[in-house]
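Step one of this worksheet: look at the structure below.
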Amino acid sequence: MHETMPFLGEALGQSENFLSFSENLSQVAGVERPVLLMGERGTGKELAAHKIHFLSSRWQGPFVALNCAALSPTLMESELFGHEAGAFTGATYKRLGRFEMANEGTLFLDEISLIPMEVQEKILRVVEYMEFERVGGSVPVQVDVRIVAATHEELPSLAASGRFKQDLLDRLSFEVLFLPPLRERGEDILLLARHFGNRMALELGRPEPPVFSREAEQALLAYAWPGNVRELKNVVERAVYRTKESVVTEIDFDPFQSPYTPKTSQQPQSPQDEKVEPSIALPFPTGSLKEAVLELEATALQEALKRTRYNQKRAAKLLGLTYHQFRGLYRKHAK
């Protein structure tokens, strides 16, 4: 089974952090050793694993991925190593596991921290001896597989507390690469936003690619992006879809904000739906009166945006402004 190069549009970037990561990834790709990818959710760990595979000497072999978070502990061993007919109730035929499917290629284990300890022991044997036994079998199966694993957990801490096998961590961590979060990639945010925006416009049959207003770009750059590239893709596609013109001016970071929420509600609120009544503590101004006013305006603006997850309408309400007054203030300080 061979695979063609996947679409890696999400792997765009020109920031120093992204280029440094890409250089390290390319360097380790040619070395026949396991690689451990560390990064927050949505940073593109599976894309990075794909790139390692296609830059390696195994690029013509299979790339097999397994999301360990999607399997129950009881199914994990059978999924990884396969099973013989009659191994358990319902096993009516022999089934190959992911290790055999990835023979002469790469096996990507996403969220490896969730693999049970007893299964980790069997993986360690594959890493050391390149052989295992299927569930219900007694004949050793030989494989030639490169493992690329990924997690957002602190594996050394899990190993220290006995929740991850230290020997396996030692064998998997020939090289440990940390994917940079989107908030640390600067102008890559706008590069990716334009890419996702162009693709969405093409999908919608729009005659021309979208253009982001200066205010929209400032909002994208100021946001913290806890969901990283995956969240950026959703936000941009939603903004383009909702905009009938070619210029995108409104960015909605929180699609779960209901327009029908009562102004006074007795229901408990989530962090994303926090109240906007509390006042904002501002620093004591310095300099001339004009400078102090500008400083206070800019501070109040940024604090209001942070509190409302960059929802401009709610930020305006927090500051006691109309939406048009807020937009004027935003444009003033975005220059």
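Naming works like this for the structure tokens: A, B, ... for the chains as they're shown, residue 1 at the start of each chain, ligands 1 onward in shown order.
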| said: I'd like the neighbourhood of Gln218 (chain A) as a list in words, where a residue qualifies if any of its atoms comes within 10 Å (using only C-alpha atoms), though same-chain residues fewer than 4 positions away should be ignored. | reply: Leu190, Phe212, Ser213, Arg214, Ala222, Tyr223, Tyr330, Arg331, Ala334 and Lys335 of chain A
Next, the residues of the selection above should be written as a PDB file, in the first residue's frame with C-alpha atoms.
```pdb
ATOM      1  CA  LEU A 190      -2.067  36.253   8.338  1.00  0.00           C
ATOM      2  CA  PHE A 212      -9.047  41.116   5.241  1.00  0.00           C
ATOM      3  CA  SER A 213      -9.521  44.667   6.480  1.00  0.00           C
ATOM      4  CA  ARG A 214      -6.844  46.194   8.669  1.00  0.00           C
ATOM      5  CA  ALA A 222      -4.143  39.955  18.775  1.00  0.00           C
ATOM      6  CA  TYR A 223      -6.050  36.734  19.497  1.00  0.00           C
ATOM      7  CA  TYR A 330     -10.416  50.440  17.418  1.00  0.00           C
ATOM      8  CA  ARG A 331      -9.366  52.046  14.130  1.00  0.00           C
ATOM      9  CA  ALA A 334      -4.868  50.014  15.188  1.00  0.00           C
ATOM     10  CA  LYS A 335      -2.779  52.524  13.234  1.00  0.00           C
TER      11      LYS A 335
END
```
| task | Tell me which protein, DNA and RNA residues are within 8 Å of region 241-254 of chain A, counting only C-alpha atoms, leaving out same-chain ones fewer than 6 positions away, and put them as a PyMOL selection string. | result | chain A and resi 200-201+204+208-213+215-216+219-220+235+272+309-311
| message | I need the residues of region 88-312 of chain A that end up classed as strand (DSSP E or B) by DSSP on the backbone, written out as a VMD selection string. | response | chain A and resid 95 105 to 110 131 to 132 135 141 to 142 145 to 151 175 to 178 211 to 212 247 to 248
Take the residues just selected and output them with C-alpha atoms as a compact mmCIF listing (two decimals), in the first residue's frame.
```
# COMPACT_ATOMS: atom_id res chain seq x y z
CA ARG A 95 -6.82 -9.51 11.35
CA GLY A 105 6.84 2.40 6.32
CA THR A 106 5.94 4.71 9.21
CA LEU A 107 3.50 4.21 12.07
CA PHE A 108 2.18 7.43 13.62
CA LEU A 109 0.85 7.02 17.15
CA ASP A 110 -1.10 10.13 18.12
CA GLU A 131 8.83 -8.48 16.40
CA PHE A 132 5.62 -9.22 18.27
CA VAL A 135 -3.43 -11.37 20.13
CA VAL A 141 5.75 -11.64 13.51
CA GLN A 142 8.69 -9.68 12.09
CA VAL A 145 8.50 0.00 11.12
CA ARG A 146 9.57 3.50 12.05
CA ILE A 147 7.54 4.97 14.91
CA VAL A 148 6.62 8.64 15.09
CA ALA A 149 4.64 9.43 18.24
CA ALA A 150 2.87 12.58 19.36
CA THR A 151 1.27 13.98 22.49
CA GLU A 175 14.65 13.25 18.90
CA VAL A 176 11.95 15.36 20.52
CA LEU A 177 10.50 18.17 18.40
CA PHE A 178 8.25 20.87 19.84
CA VAL A 211 -9.29 40.55 1.48
CA PHE A 212 -9.05 41.12 5.24
CA VAL A 247 -13.58 42.39 2.10
CA VAL A 248 -13.75 40.57 5.45
```
| Selection: 12 Å around Ser22 (chain A), only C-alpha atoms, excl. self and same-chain fewer than 6 positions, as number ranges by chain | A: 11-16, 28-29, 47-49, 51-52, 55, 177-180
| Where in region 171-261 of chain A does DSSP assign alpha helix (DSSP H), given as number ranges by chain? | A: 171-172, 188-203, 214-222, 228-242
Since we have the selection now, will you write its residues out, keeping N, CA and C atoms, as a compact mmCIF listing (two decimals), in the first residue's frame?
```txt
# COMPACT_ATOMS: atom_id res chain seq x y z
N ARG A 171 13.32 5.06 24.53
CA ARG A 171 13.52 4.55 23.18
C ARG A 171 12.84 5.41 22.13
N LEU A 172 11.73 6.04 22.48
CA LEU A 172 10.99 6.85 21.51
C LEU A 172 11.58 8.25 21.35
N ASP A 188 2.80 34.54 10.41
CA ASP A 188 2.26 33.30 9.85
C ASP A 188 0.75 33.25 10.00
N ILE A 189 0.23 33.93 11.02
CA ILE A 189 -1.23 33.95 11.25
C ILE A 189 -1.93 34.52 10.02
N LEU A 190 -1.43 35.64 9.51
CA LEU A 190 -2.07 36.25 8.34
C LEU A 190 -1.80 35.44 7.08
N LEU A 191 -0.62 34.85 6.96
CA LEU A 191 -0.32 34.00 5.81
C LEU A 191 -1.29 32.82 5.74
N LEU A 192 -1.51 32.17 6.86
CA LEU A 192 -2.43 31.04 6.91
C LEU A 192 -3.88 31.50 6.73
N ALA A 193 -4.21 32.66 7.29
CA ALA A 193 -5.58 33.17 7.16
C ALA A 193 -5.91 33.42 5.69
N ARG A 194 -4.99 34.01 4.96
CA ARG A 194 -5.23 34.27 3.53
C ARG A 194 -5.35 32.94 2.77
N HIS A 195 -4.52 31.98 3.15
CA HIS A 195 -4.58 30.67 2.49
C HIS A 195 -5.95 30.01 2.72
N PHE A 196 -6.38 29.96 3.97
CA PHE A 196 -7.68 29.36 4.28
C PHE A 196 -8.83 30.16 3.67
N GLY A 197 -8.68 31.48 3.66
CA GLY A 197 -9.71 32.33 3.07
C GLY A 197 -9.84 32.10 1.58
N ASN A 198 -8.72 31.97 0.89
CA ASN A 198 -8.74 31.72 -0.56
C ASN A 198 -9.39 30.38 -0.88
N ARG A 199 -9.06 29.37 -0.07
CA ARG A 199 -9.65 28.04 -0.30
C ARG A 199 -11.15 28.06 -0.07
N MET A 200 -11.59 28.79 0.97
CA MET A 200 -13.02 28.84 1.27
C MET A 200 -13.76 29.59 0.17
N ALA A 201 -13.19 30.68 -0.33
CA ALA A 201 -13.83 31.44 -1.41
C ALA A 201 -13.95 30.58 -2.66
N LEU A 202 -12.92 29.79 -2.94
CA LEU A 202 -12.95 28.89 -4.09
C LEU A 202 -14.04 27.84 -3.92
N GLU A 203 -14.16 27.31 -2.71
CA GLU A 203 -15.19 26.31 -2.43
C GLU A 203 -16.59 26.90 -2.60
N ARG A 214 -7.91 45.99 7.68
CA ARG A 214 -6.84 46.19 8.67
C ARG A 214 -7.33 45.82 10.07
N GLU A 215 -8.58 46.17 10.38
CA GLU A 215 -9.14 45.83 11.69
C GLU A 215 -9.23 44.32 11.87
N ALA A 216 -9.64 43.61 10.82
CA ALA A 216 -9.74 42.16 10.90
C ALA A 216 -8.36 41.54 11.09
N GLU A 217 -7.36 42.05 10.38
CA GLU A 217 -6.01 41.53 10.55
C GLU A 217 -5.49 41.77 11.96
N GLN A 218 -5.76 42.96 12.50
CA GLN A 218 -5.33 43.26 13.87
C GLN A 218 -5.99 42.32 14.87
N ALA A 219 -7.26 42.02 14.64
CA ALA A 219 -7.97 41.10 15.53
C ALA A 219 -7.37 39.70 15.47
N LEU A 220 -7.04 39.25 14.26
CA LEU A 220 -6.42 37.93 14.10
C LEU A 220 -5.07 37.87 14.80
N LEU A 221 -4.30 38.93 14.69
CA LEU A 221 -2.96 38.95 15.29
C LEU A 221 -3.02 39.07 16.81
N ALA A 222 -4.06 39.72 17.33
CA ALA A 222 -4.14 39.96 18.77
C ALA A 222 -4.70 38.76 19.53
N ASN A 228 -5.01 26.89 18.09
CA ASN A 228 -3.94 26.94 17.10
C ASN A 228 -4.45 26.93 15.66
N VAL A 229 -3.73 26.25 14.75
CA VAL A 229 -4.04 26.32 13.32
C VAL A 229 -5.43 25.78 13.03
N ARG A 230 -5.84 24.75 13.74
CA ARG A 230 -7.18 24.19 13.52
C ARG A 230 -8.26 25.22 13.83
N GLU A 231 -8.08 25.98 14.92
CA GLU A 231 -9.05 27.01 15.27
C GLU A 231 -9.02 28.15 14.26
N LEU A 232 -7.82 28.54 13.82
CA LEU A 232 -7.70 29.61 12.82
C LEU A 232 -8.45 29.23 11.55
N LYS A 233 -8.32 28.00 11.11
CA LYS A 233 -9.01 27.54 9.91
C LYS A 233 -10.52 27.70 10.05
N ASN A 234 -11.06 27.29 11.19
CA ASN A 234 -12.50 27.41 11.42
C ASN A 234 -12.95 28.87 11.45
N VAL A 235 -12.19 29.70 12.16
CA VAL A 235 -12.56 31.11 12.31
C VAL A 235 -12.56 31.81 10.95
N VAL A 236 -11.51 31.58 10.15
CA VAL A 236 -11.39 32.25 8.86
C VAL A 236 -12.46 31.75 7.89
N GLU A 237 -12.65 30.45 7.83
CA GLU A 237 -13.67 29.92 6.92
C GLU A 237 -15.06 30.44 7.28
N ARG A 238 -15.33 30.55 8.57
CA ARG A 238 -16.64 31.08 8.99
C ARG A 238 -16.77 32.55 8.61
N ALA A 239 -15.69 33.31 8.77
CA ALA A 239 -15.74 34.74 8.43
C ALA A 239 -15.97 34.95 6.94
N VAL A 240 -15.29 34.16 6.11
CA VAL A 240 -15.45 34.28 4.66
C VAL A 240 -16.85 33.86 4.24
N TYR A 241 -17.33 32.79 4.82
CA TYR A 241 -18.67 32.28 4.51
C TYR A 241 -19.75 33.31 4.84
N ARG A 242 -19.58 34.01 5.96
CA ARG A 242 -20.60 34.97 6.39
C ARG A 242 -20.49 36.31 5.67
```
| field | Residue among A:Glu295, A:Asp144, A:Glu154, A:Glu104 lying closest to Val127 (chain A), counting only C-alpha atoms | value |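 Smallest separation from Val127 (chain A) among the options: A:Asp144.
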| What is the CA of Gly30 (chain A)-CA of Phe164 (chain A) distance in Å, reported with one decimal? |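 Interatomic distance here is 27.6 Å.
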| field | Interatomic distance, CA of Arg163 (chain A) to CA of Pro73 (chain A) (Å, one decimal) | value | 14.0 Å
| Separation of CA of Pro62 (chain A) from CA of Leu96 (chain A) in Å | 14.2 Å
| said: From the options A:Leu114, A:Val64, A:Ala224, A:Ala69, which residue's atoms come nearest to His50 (chain A), counting only C-alpha atoms? | reply: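 Closest candidate: A:Val64.
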| Which is closest to Ile112 (chain A) among A:Ala316, A:Leu294, A:Met130, A:Cys68, if we use only C-alpha atoms? |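 Result for the nearest residue to Ile112 (chain A): A:Cys68.
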